[in-house]
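Here's protein21.cif, which has mmCIF, C-alpha atoms, pLDDT in the B column; chains and numbers go by the auth columns:
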data_structure
loop_
_atom_site.group_PDB
_atom_site.id
_atom_site.type_symbol
_atom_site.label_atom_id
_atom_site.label_comp_id
_atom_site.label_asym_id
_atom_site.label_seq_id
_atom_site.Cartn_x
_atom_site.Cartn_y
_atom_site.Cartn_z
_atom_site.B_iso_or_equiv
_atom_site.auth_seq_id
_atom_site.auth_asym_id
ATOM 1 C CA MET A 1 0.000 0.000 0.000 72.00 615 E
ATOM 2 C CA VAL A 2 2.775 2.471 0.844 81.00 616 E
ATOM 3 C CA ILE A 3 4.632 1.714 -2.389 85.00 617 E
ATOM 4 C CA SER A 4 1.545 2.284 -4.536 88.00 618 E
ATOM 5 C CA HIS A 5 0.914 5.559 -2.668 86.00 619 E
ATOM 6 C CA PHE A 6 4.312 6.888 -3.777 86.00 620 E
ATOM 7 C CA ARG A 7 3.641 5.924 -7.401 90.00 621 E
ATOM 8 C CA ASP A 8 1.220 8.871 -7.437 88.00 622 E
ATOM 9 C CA GLY A 9 2.858 12.176 -8.319 87.00 623 E
ATOM 10 C CA ARG A 10 0.773 14.100 -5.799 84.00 624 E
ATOM 11 C CA ALA A 11 2.251 12.026 -2.975 87.00 625 E
ATOM 12 C CA SER A 12 5.819 11.888 -4.306 89.00 626 E
ATOM 13 C CA SER A 13 6.428 15.396 -5.614 89.00 627 E
ATOM 14 C CA GLY A 14 7.888 16.836 -2.401 89.00 628 E
ATOM 15 C CA LEU A 15 10.092 13.788 -1.870 90.00 629 E
ATOM 16 C CA VAL A 16 11.279 13.895 -5.488 92.00 630 E
ATOM 17 C CA GLU A 17 12.107 17.614 -5.251 91.00 631 E
ATOM 18 C CA MET A 18 14.195 17.039 -2.102 92.00 632 E
ATOM 19 C CA TRP A 19 15.903 14.057 -3.731 92.00 633 E
ATOM 20 C CA ALA A 20 16.719 16.053 -6.887 92.00 634 E
ATOM 21 C CA GLU A 21 18.079 18.860 -4.720 92.00 635 E
ATOM 22 C CA GLN A 22 20.527 16.445 -3.101 91.00 636 E
ATOM 23 C CA LEU A 23 21.326 14.556 -6.304 90.00 637 E
ATOM 24 C CA TYR A 24 22.038 17.586 -8.521 91.00 638 E
ATOM 25 C CA GLY A 25 23.061 20.266 -6.006 92.00 639 E
ATOM 26 C CA ILE A 26 20.187 22.543 -7.024 94.00 640 E
ATOM 27 C CA ARG A 27 18.201 24.878 -4.763 93.00 641 E
ATOM 28 C CA ARG A 28 14.479 24.241 -4.224 92.00 642 E
ATOM 29 C CA MET A 29 12.375 27.382 -4.467 87.00 643 E
ATOM 30 C CA GLY A 30 9.124 26.510 -2.684 76.00 644 E
ATOM 31 C CA SER A 31 5.606 27.272 -3.817 69.00 645 E
ATOM 32 C CA ASP A 32 6.092 31.047 -4.145 62.00 646 E
ATOM 33 C CA TYR A 33 7.765 30.597 -7.533 61.00 647 E
ATOM 34 C CA PRO A 34 5.064 29.608 -10.010 68.00 648 E
ATOM 35 C CA GLY A 35 6.364 27.886 -13.096 75.00 649 E
ATOM 36 C CA PHE A 36 9.548 26.389 -11.701 85.00 650 E
ATOM 37 C CA ASP A 37 10.579 24.327 -8.691 87.00 651 E
ATOM 38 C CA ALA A 38 14.319 24.874 -8.283 92.00 652 E
ATOM 39 C CA MET A 39 17.313 26.815 -9.533 92.00 653 E
ATOM 40 C CA ASP A 40 20.891 26.093 -10.494 92.00 654 E
ATOM 41 C CA GLY A 41 22.557 29.488 -10.516 91.00 655 E
ATOM 42 C CA THR A 42 20.306 31.485 -12.828 91.00 656 E
ATOM 43 C CA ARG A 43 18.762 28.440 -14.553 93.00 657 E
ATOM 44 C CA ARG A 44 15.135 27.732 -13.646 93.00 658 E
ATOM 45 C CA ILE A 45 14.296 24.056 -13.181 94.00 659 E
ATOM 46 C CA PHE A 46 10.930 22.315 -13.540 92.00 660 E
ATOM 47 C CA ILE A 47 10.727 19.015 -11.587 93.00 661 E
ATOM 48 C CA ARG A 48 7.923 16.619 -12.495 93.00 662 E
ATOM 49 C CA CYS A 49 6.941 13.077 -11.526 94.00 663 E
ATOM 50 C CA VAL A 50 6.383 10.596 -14.332 96.00 664 E
ATOM 51 C CA THR A 51 3.713 8.036 -13.503 95.00 665 E
ATOM 52 C CA GLU A 52 2.672 4.928 -15.409 95.00 666 E
ATOM 53 C CA ARG A 53 0.426 7.212 -17.494 94.00 667 E
ATOM 54 C CA GLY A 54 3.059 9.840 -18.184 96.00 668 E
ATOM 55 C CA VAL A 55 3.719 13.434 -17.180 94.00 669 E
ATOM 56 C CA TYR A 56 2.051 16.795 -17.766 90.00 670 E
ATOM 57 C CA LEU A 57 4.252 19.620 -19.041 90.00 671 E
ATOM 58 C CA GLN A 58 2.088 22.290 -17.523 79.00 672 E
ATOM 59 C CA ARG A 59 2.199 24.492 -14.480 72.00 673 E
ATOM 60 C CA SER A 60 0.717 22.941 -11.344 64.00 674 E
ATOM 61 C CA ILE A 61 -2.137 25.435 -11.378 60.00 675 E
ATOM 62 C CA ASN A 62 -3.359 23.895 -14.660 57.00 676 E
ATOM 63 C CA ILE A 63 -3.255 20.270 -13.471 60.00 677 E
ATOM 64 C CA GLY A 64 -6.352 18.628 -12.029 58.00 678 E
ATOM 65 C CA GLY A 65 -9.884 17.578 -12.787 57.00 679 E
ATOM 66 C CA GLY A 66 -11.807 19.951 -15.014 61.00 680 E
ATOM 67 C CA ARG A 67 -8.798 22.146 -15.765 61.00 681 E
ATOM 68 C CA THR A 68 -7.720 22.720 -19.326 68.00 682 E
ATOM 69 C CA MET A 69 -4.714 24.207 -20.996 72.00 683 E
ATOM 70 C CA SER A 70 -4.244 26.111 -24.227 79.00 684 E
ATOM 71 C CA LYS A 71 -1.304 25.910 -26.616 83.00 685 E
ATOM 72 C CA GLU A 72 -0.248 29.348 -25.355 86.00 686 E
ATOM 73 C CA GLN A 73 -0.217 28.129 -21.736 85.00 687 E
ATOM 74 C CA LEU A 74 1.845 25.077 -22.741 87.00 688 E
ATOM 75 C CA ASP A 75 4.332 27.312 -24.568 89.00 689 E
ATOM 76 C CA LEU A 76 4.558 29.605 -21.523 87.00 690 E
ATOM 77 C CA ALA A 77 5.098 26.673 -19.135 87.00 691 E
ATOM 78 C CA VAL A 78 7.875 25.245 -21.300 91.00 692 E
ATOM 79 C CA ASN A 79 9.592 28.537 -22.148 93.00 693 E
ATOM 80 C CA GLU A 80 9.757 29.910 -18.610 91.00 694 E
ATOM 81 C CA VAL A 81 12.222 27.202 -17.507 92.00 695 E
ATOM 82 C CA ASP A 82 15.669 26.147 -18.686 95.00 696 E
ATOM 83 C CA ILE A 83 15.967 22.573 -17.413 94.00 697 E
ATOM 84 C CA PHE A 84 13.405 19.851 -16.814 94.00 698 E
ATOM 85 C CA ILE A 85 13.996 17.034 -14.353 95.00 699 E
ATOM 86 C CA PHE A 86 11.595 14.154 -14.869 95.00 700 E
ATOM 87 C CA ALA A 87 11.458 11.619 -12.033 94.00 701 E
ATOM 88 C CA ASP A 88 10.003 8.324 -13.232 94.00 702 E
ATOM 89 C CA ILE A 89 8.167 6.995 -10.165 94.00 703 E
ATOM 90 C CA ALA A 90 6.147 4.307 -11.984 94.00 704 E
ATOM 91 C CA GLU A 91 8.348 1.598 -10.484 92.00 705 E
ATOM 92 C CA PHE A 92 8.777 3.186 -7.051 91.00 706 E
ATOM 93 C CA PRO A 93 10.809 2.559 -4.876 89.00 707 E
ATOM 94 C CA MET A 94 13.100 2.599 -7.910 90.00 708 E
ATOM 95 C CA VAL A 95 13.111 6.165 -9.242 91.00 709 E
ATOM 96 C CA LYS A 96 14.805 7.137 -12.499 91.00 710 E
ATOM 97 C CA PHE A 97 15.751 10.813 -12.866 93.00 711 E
ATOM 98 C CA ILE A 98 15.814 12.116 -16.447 92.00 712 E
ATOM 99 C CA PRO A 99 17.125 15.676 -16.910 92.00 713 E
ATOM 100 C CA ALA A 100 16.380 17.460 -20.183 93.00 714 E
ATOM 101 C CA THR A 101 16.903 20.863 -21.735 93.00 715 E
ATOM 102 C CA ARG A 102 14.115 23.170 -22.875 94.00 716 E
ATOM 103 C CA LYS A 103 15.224 22.518 -26.455 94.00 717 E
ATOM 104 C CA GLN A 104 14.717 18.765 -26.014 94.00 718 E
ATOM 105 C CA VAL A 105 11.209 19.307 -24.611 95.00 719 E
ATOM 106 C CA ILE A 106 10.276 21.735 -27.402 95.00 720 E
ATOM 107 C CA ASP A 107 11.485 19.109 -29.874 95.00 721 E
ATOM 108 C CA MET A 108 9.118 16.544 -28.282 95.00 722 E
ATOM 109 C CA ILE A 109 6.243 19.003 -28.719 95.00 723 E
ATOM 110 C CA LYS A 110 7.132 19.707 -32.360 95.00 724 E
ATOM 111 C CA ARG A 111 7.380 15.982 -33.098 95.00 725 E
ATOM 112 C CA GLY A 112 3.848 15.417 -31.759 95.00 726 E
ATOM 113 C CA TYR A 113 4.680 13.513 -28.572 96.00 727 E
ATOM 114 C CA VAL A 114 2.798 16.003 -26.375 94.00 728 E
ATOM 115 C CA THR A 115 -1.016 16.152 -26.331 90.00 729 E
ATOM 116 C CA LYS A 116 -2.926 19.435 -26.452 83.00 730 E
ATOM 117 C CA ASN A 117 -3.327 19.162 -22.655 82.00 731 E
ATOM 118 C CA GLY A 118 0.427 18.871 -22.217 88.00 732 E
ATOM 119 C CA LEU A 119 0.599 15.120 -21.517 91.00 733 E
ATOM 120 C CA VAL A 120 3.612 13.051 -22.616 95.00 734 E
ATOM 121 C CA THR A 121 3.298 9.298 -22.148 97.00 735 E
ATOM 122 C CA ARG A 122 5.965 7.552 -20.123 96.00 736 E
ATOM 123 C CA ALA A 123 6.980 5.482 -23.162 95.00 737 E
ATOM 124 C CA ASP A 124 7.341 8.562 -25.389 95.00 738 E
ATOM 125 C CA LEU A 125 9.306 10.461 -22.743 95.00 739 E
ATOM 126 C CA ASN A 126 11.754 7.569 -22.412 91.00 740 E
ATOM 127 C CA ARG A 127 11.955 7.149 -26.197 90.00 741 E
ATOM 128 C CA CYS A 128 12.747 10.822 -26.752 91.00 742 E
ATOM 129 C CA LEU A 129 15.038 11.594 -23.823 89.00 743 E
ATOM 130 C CA LEU A 130 16.928 8.462 -22.830 84.00 744 E
ATOM 131 C CA PRO A 131 20.035 7.634 -24.816 73.00 745 E
ATOM 132 C CA ARG A 132 20.947 4.067 -25.632 60.00 746 E
ATOM 133 C CA GLY A 133 22.534 3.182 -22.278 55.00 747 E
ATOM 134 C CA GLY A 134 19.668 4.724 -20.347 59.00 748 E
ATOM 135 C CA LEU A 135 21.872 7.247 -18.539 62.00 749 E
ATOM 136 C CA VAL A 136 21.742 11.017 -18.967 65.00 750 E
ATOM 137 C CA ASP A 137 24.807 13.129 -18.155 69.00 751 E
ATOM 138 C CA TRP A 138 23.801 16.040 -15.884 69.00 752 E
ATOM 139 C CA GLY A 139 26.972 17.931 -16.853 73.00 753 E
ATOM 140 C CA ALA A 140 26.027 17.677 -20.521 73.00 754 E
ATOM 141 C CA VAL A 141 22.565 19.070 -19.766 74.00 755 E
ATOM 142 C CA LEU A 142 24.131 22.015 -17.924 77.00 756 E
ATOM 143 C CA GLU A 143 26.503 22.668 -20.826 77.00 757 E
ATOM 144 C CA MET A 144 23.639 22.596 -23.341 72.00 758 E
ATOM 145 C CA THR A 145 21.688 25.157 -21.315 72.00 759 E
ATOM 146 C CA LYS A 146 24.700 27.478 -21.147 70.00 760 E
ATOM 147 C CA ALA A 147 24.814 27.551 -24.941 56.00 761 E
ATOM 148 C CA ALA A 148 21.065 28.241 -25.252 52.00 762 E
#

Would you kindly transcribe this structure into structure tokens?
Amino acid sequence: MVISHFRDGRASSGLVEMWAEQLYGIRRMGSDYPGFDAMDGTRRIFIRCVTERGVYLQRSINIGGGRTMSKEQLDLAVNEVDIFIFADIAEFPMVKFIPATRKQVIDMIKRGYVTKNGLVTRADLNRCLLPRGGLVDWGAVLEMTKAA
């Protein structure tokens, strides 16, 4: 029962943010910073849990029953951050962290992997962002965001 509880992003998000803070040396911002969850220097970071269904690329205020999102809101949510950290919690207690640049996420949108409500399936996220060995180099992500 406890394990299934933490496979729900609503239950795991705080834990995942603290874990990412320790793992990547970033600084969590708290709920007063709409649109991003942490910072690395001047880079804004969006941390999201990936469940069996997938992950929404929208601001928390737009997630939930009866809420909708426009293309403009999706563009705003994606463009106001520099780095995305996706935490795949579908197999909790094993959690896979997948960092990505804004450019990589925009590419997923352009290629049609993101629905009009901002949902990316878990399979598509892994297909688009994980290299052949399954490991993403955090240093490489930081370097790519410096050049952007």

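Compared by their closest atoms to Ile720 (chain E), and using all atoms listed in the file, the residues E:Ile659, E:Cys742, E:Met653, E:Ile703 rank with E:Cys742 nearest.
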
Inset, instruction - Apply the PyMOL selection byres ((chain E and resi 723) around 10) to the structure shown and report the selected residues as a ChimeraX atom specification. - result: /E:671,688-689,692,717-722,724-730,732-734

Store the residues picked out above, limited to C-alpha atoms, as a CSV table (one decimal), keeping the file's coordinate frame.
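Once written, result.csv looks like this:
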chain,number,residue,atom,x,y,z
E,671,LEU,CA,4.3,19.6,-19.0
E,688,LEU,CA,1.8,25.1,-22.7
E,689,ASP,CA,4.3,27.3,-24.6
E,692,VAL,CA,7.9,25.2,-21.3
E,717,LYS,CA,15.2,22.5,-26.5
E,718,GLN,CA,14.7,18.8,-26.0
E,719,VAL,CA,11.2,19.3,-24.6
E,720,ILE,CA,10.3,21.7,-27.4
E,721,ASP,CA,11.5,19.1,-29.9
E,722,MET,CA,9.1,16.5,-28.3
E,724,LYS,CA,7.1,19.7,-32.4
E,725,ARG,CA,7.4,16.0,-33.1
E,726,GLY,CA,3.8,15.4,-31.8
E,727,TYR,CA,4.7,13.5,-28.6
E,728,VAL,CA,2.8,16.0,-26.4
E,729,THR,CA,-1.0,16.2,-26.3
E,730,LYS,CA,-2.9,19.4,-26.5
E,732,GLY,CA,0.4,18.9,-22.2
E,733,LEU,CA,0.6,15.1,-21.5
E,734,VAL,CA,3.6,13.1,-22.6

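If you look at CA of Phe660 (chain E) and CA of Phe698 (chain E), they are 4.8 Å away from each other.
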
Inset, instruction - Could you state which residues are captured by the PyMOL selection byres ((chain E and resi 621-635) around 7) in this file, as a list in words? - result: Ile617, Ser618, His619, Phe620, Gln636, Leu637, Tyr638, Gly639, Ile640, Arg641, Arg642, Ile661, Cys663, Thr665, Ala701, Ile703, Ala704 and Phe706 of chain E

Counting all atoms listed in the file, note down every residue that has an atom within 10 Å of the point (6.7, 28.1, -19.8) (file coordinates), as a compact mmCIF listing (two decimals) with C-alpha atoms, in the frame of the given file.
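So selection_4.txt came out as:
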# COMPACT_ATOMS: atom_id res chain seq x y z
CA GLY E 649 6.36 27.89 -13.10
CA PHE E 650 9.55 26.39 -11.70
CA PHE E 660 10.93 22.32 -13.54
CA LEU E 671 4.25 19.62 -19.04
CA GLN E 672 2.09 22.29 -17.52
CA ARG E 673 2.20 24.49 -14.48
CA GLU E 686 -0.25 29.35 -25.36
CA GLN E 687 -0.22 28.13 -21.74
CA LEU E 688 1.84 25.08 -22.74
CA ASP E 689 4.33 27.31 -24.57
CA LEU E 690 4.56 29.60 -21.52
CA ALA E 691 5.10 26.67 -19.14
CA VAL E 692 7.88 25.24 -21.30
CA ASN E 693 9.59 28.54 -22.15
CA GLU E 694 9.76 29.91 -18.61
CA VAL E 695 12.22 27.20 -17.51
CA ASP E 696 15.67 26.15 -18.69
CA ARG E 716 14.12 23.17 -22.88

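Atom pair CA of Arg741 (chain E) / CA of Val755 (chain E) has a distance of 17.2 Å (rounded to one decimal).
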
Explicit residue set for the PyMOL selection byres ((chain E and resi 714) around 6), as a compact mmCIF listing (two decimals) with C-alpha atoms, in the frame of the given file:
# COMPACT_ATOMS: atom_id res chain seq x y z
CA ILE E 697 15.97 22.57 -17.41
CA PHE E 698 13.40 19.85 -16.81
CA PRO E 713 17.12 15.68 -16.91
CA THR E 715 16.90 20.86 -21.74

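Within 6 Å of the point (13.6, 12.3, -13.6), counting all atoms listed in the file, the protein and nucleic acid residues come to Ile699, Phe700, Ala701, Asp702, Lys710, Phe711, Ile712 and Pro713 of chain E.
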
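For the atom pair formed by CA of Val669 (chain E) and CA of Thr735 (chain E), the distance is 6.5 Å, given to one decimal.
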
Inset, instruction - Choose the residue, out of E:Pro707, E:Val616, E:Leu739, E:Asn731, that has the smallest atom-to-atom separation from Lys685 (chain E); count only C-alpha atoms. - result: E:Asn731

Please complete region 684-716 of chain E so it has N, CA and C atoms, and hand it over as a PDB file, in the coordinates of the input.
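Dumped everything to rebuild31.pdb:
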ATOM      1  N   SER E 684      -4.339  25.719 -22.823  1.00 79.00           N
ATOM      2  CA  SER E 684      -4.244  26.111 -24.227  1.00 79.00           C
ATOM      3  C   SER E 684      -2.810  25.907 -24.714  1.00 79.00           C
ATOM      4  N   LYS E 685      -2.633  25.990 -26.013  1.00 83.00           N
ATOM      5  CA  LYS E 685      -1.304  25.910 -26.616  1.00 83.00           C
ATOM      6  C   LYS E 685      -0.417  27.037 -26.078  1.00 83.00           C
ATOM      7  N   GLU E 686      -1.004  28.209 -25.877  1.00 86.00           N
ATOM      8  CA  GLU E 686      -0.248  29.348 -25.355  1.00 86.00           C
ATOM      9  C   GLU E 686       0.241  29.076 -23.933  1.00 86.00           C
ATOM     10  N   GLN E 687      -0.622  28.452 -23.103  1.00 85.00           N
ATOM     11  CA  GLN E 687      -0.217  28.129 -21.736  1.00 85.00           C
ATOM     12  C   GLN E 687       0.873  27.065 -21.714  1.00 85.00           C
ATOM     13  N   LEU E 688       0.796  26.093 -22.636  1.00 87.00           N
ATOM     14  CA  LEU E 688       1.845  25.077 -22.741  1.00 87.00           C
ATOM     15  C   LEU E 688       3.161  25.735 -23.135  1.00 87.00           C
ATOM     16  N   ASP E 689       3.122  26.609 -24.140  1.00 89.00           N
ATOM     17  CA  ASP E 689       4.332  27.312 -24.568  1.00 89.00           C
ATOM     18  C   ASP E 689       4.930  28.130 -23.425  1.00 89.00           C
ATOM     19  N   LEU E 690       4.088  28.809 -22.660  1.00 87.00           N
ATOM     20  CA  LEU E 690       4.558  29.605 -21.523  1.00 87.00           C
ATOM     21  C   LEU E 690       5.216  28.701 -20.485  1.00 87.00           C
ATOM     22  N   ALA E 691       4.562  27.591 -20.145  1.00 87.00           N
ATOM     23  CA  ALA E 691       5.098  26.673 -19.135  1.00 87.00           C
ATOM     24  C   ALA E 691       6.459  26.136 -19.543  1.00 87.00           C
ATOM     25  N   VAL E 692       6.617  25.814 -20.812  1.00 91.00           N
ATOM     26  CA  VAL E 692       7.875  25.245 -21.300  1.00 91.00           C
ATOM     27  C   VAL E 692       8.952  26.323 -21.416  1.00 91.00           C
ATOM     28  N   ASN E 693       8.596  27.495 -21.890  1.00 93.00           N
ATOM     29  CA  ASN E 693       9.592  28.537 -22.148  1.00 93.00           C
ATOM     30  C   ASN E 693      10.028  29.317 -20.922  1.00 93.00           C
ATOM     31  N   GLU E 694       9.335  29.166 -19.788  1.00 91.00           N
ATOM     32  CA  GLU E 694       9.757  29.910 -18.610  1.00 91.00           C
ATOM     33  C   GLU E 694      10.782  29.149 -17.766  1.00 91.00           C
ATOM     34  N   VAL E 695      11.190  27.951 -18.217  1.00 92.00           N
ATOM     35  CA  VAL E 695      12.222  27.202 -17.507  1.00 92.00           C
ATOM     36  C   VAL E 695      13.346  26.827 -18.468  1.00 92.00           C
ATOM     37  N   ASP E 696      14.496  26.490 -17.888  1.00 95.00           N
ATOM     38  CA  ASP E 696      15.669  26.147 -18.686  1.00 95.00           C
ATOM     39  C   ASP E 696      15.936  24.643 -18.693  1.00 95.00           C
ATOM     40  N   ILE E 697      15.678  23.997 -17.566  1.00 94.00           N
ATOM     41  CA  ILE E 697      15.967  22.573 -17.413  1.00 94.00           C
ATOM     42  C   ILE E 697      14.737  21.878 -16.832  1.00 94.00           C
ATOM     43  N   PHE E 698      14.474  20.701 -17.329  1.00 94.00           N
ATOM     44  CA  PHE E 698      13.405  19.851 -16.814  1.00 94.00           C
ATOM     45  C   PHE E 698      14.052  18.644 -16.156  1.00 94.00           C
ATOM     46  N   ILE E 699      13.569  18.278 -14.980  1.00 95.00           N
ATOM     47  CA  ILE E 699      13.996  17.034 -14.353  1.00 95.00           C
ATOM     48  C   ILE E 699      12.746  16.183 -14.201  1.00 95.00           C
ATOM     49  N   PHE E 700      12.714  15.087 -14.941  1.00 95.00           N
ATOM     50  CA  PHE E 700      11.595  14.154 -14.869  1.00 95.00           C
ATOM     51  C   PHE E 700      12.007  13.007 -13.956  1.00 95.00           C
ATOM     52  N   ALA E 701      11.192  12.718 -12.958  1.00 94.00           N
ATOM     53  CA  ALA E 701      11.458  11.619 -12.033  1.00 94.00           C
ATOM     54  C   ALA E 701      10.431  10.528 -12.305  1.00 94.00           C
ATOM     55  N   ASP E 702      10.887   9.437 -12.900  1.00 94.00           N
ATOM     56  CA  ASP E 702      10.003   8.324 -13.232  1.00 94.00           C
ATOM     57  C   ASP E 702       9.749   7.515 -11.967  1.00 94.00           C
ATOM     58  N   ILE E 703       8.540   7.664 -11.420  1.00 94.00           N
ATOM     59  CA  ILE E 703       8.167   6.995 -10.165  1.00 94.00           C
ATOM     60  C   ILE E 703       7.264   5.788 -10.406  1.00 94.00           C
ATOM     61  N   ALA E 704       7.073   5.394 -11.655  1.00 94.00           N
ATOM     62  CA  ALA E 704       6.147   4.307 -11.984  1.00 94.00           C
ATOM     63  C   ALA E 704       6.567   2.982 -11.370  1.00 94.00           C
ATOM     64  N   GLU E 705       7.860   2.835 -11.091  1.00 92.00           N
ATOM     65  CA  GLU E 705       8.348   1.598 -10.484  1.00 92.00           C
ATOM     66  C   GLU E 705       8.892   1.845  -9.084  1.00 92.00           C
ATOM     67  N   PHE E 706       8.342   2.862  -8.411  1.00 91.00           N
ATOM     68  CA  PHE E 706       8.777   3.186  -7.051  1.00 91.00           C
ATOM     69  C   PHE E 706       8.771   1.900  -6.218  1.00 91.00           C
ATOM     70  N   PRO E 707       9.801   1.645  -5.420  1.00 89.00           N
ATOM     71  CA  PRO E 707      10.809   2.559  -4.876  1.00 89.00           C
ATOM     72  C   PRO E 707      11.995   2.849  -5.795  1.00 89.00           C
ATOM     73  N   MET E 708      12.063   2.219  -6.952  1.00 90.00           N
ATOM     74  CA  MET E 708      13.100   2.599  -7.910  1.00 90.00           C
ATOM     75  C   MET E 708      12.627   3.867  -8.629  1.00 90.00           C
ATOM     76  N   VAL E 709      13.446   4.897  -8.593  1.00 91.00           N
ATOM     77  CA  VAL E 709      13.111   6.165  -9.242  1.00 91.00           C
ATOM     78  C   VAL E 709      14.229   6.496 -10.223  1.00 91.00           C
ATOM     79  N   LYS E 710      13.840   6.795 -11.450  1.00 91.00           N
ATOM     80  CA  LYS E 710      14.805   7.137 -12.499  1.00 91.00           C
ATOM     81  C   LYS E 710      14.667   8.633 -12.784  1.00 91.00           C
ATOM     82  N   PHE E 711      15.749   9.383 -12.585  1.00 93.00           N
ATOM     83  CA  PHE E 711      15.751  10.813 -12.866  1.00 93.00           C
ATOM     84  C   PHE E 711      16.250  11.037 -14.290  1.00 93.00           C
ATOM     85  N   ILE E 712      15.492  11.849 -15.048  1.00 92.00           N
ATOM     86  CA  ILE E 712      15.814  12.116 -16.447  1.00 92.00           C
ATOM     87  C   ILE E 712      15.851  13.630 -16.658  1.00 92.00           C
ATOM     88  N   PRO E 713      17.043  14.236 -16.633  1.00 92.00           N
ATOM     89  CA  PRO E 713      17.125  15.676 -16.910  1.00 92.00           C
ATOM     90  C   PRO E 713      17.060  15.944 -18.415  1.00 92.00           C
ATOM     91  N   ALA E 714      16.499  17.084 -18.771  1.00 93.00           N
ATOM     92  CA  ALA E 714      16.380  17.460 -20.183  1.00 93.00           C
ATOM     93  C   ALA E 714      16.453  18.982 -20.304  1.00 93.00           C
ATOM     94  N   THR E 715      16.866  19.429 -21.461  1.00 93.00           N
ATOM     95  CA  THR E 715      16.903  20.863 -21.735  1.00 93.00           C
ATOM     96  C   THR E 715      15.548  21.313 -22.294  1.00 93.00           C
ATOM     97  N   ARG E 716      15.324  22.598 -22.271  1.00 94.00           N
ATOM     98  CA  ARG E 716      14.115  23.170 -22.875  1.00 94.00           C
ATOM     99  C   ARG E 716      14.039  22.796 -24.348  1.00 94.00           C
TER     100      ARG E 716
END
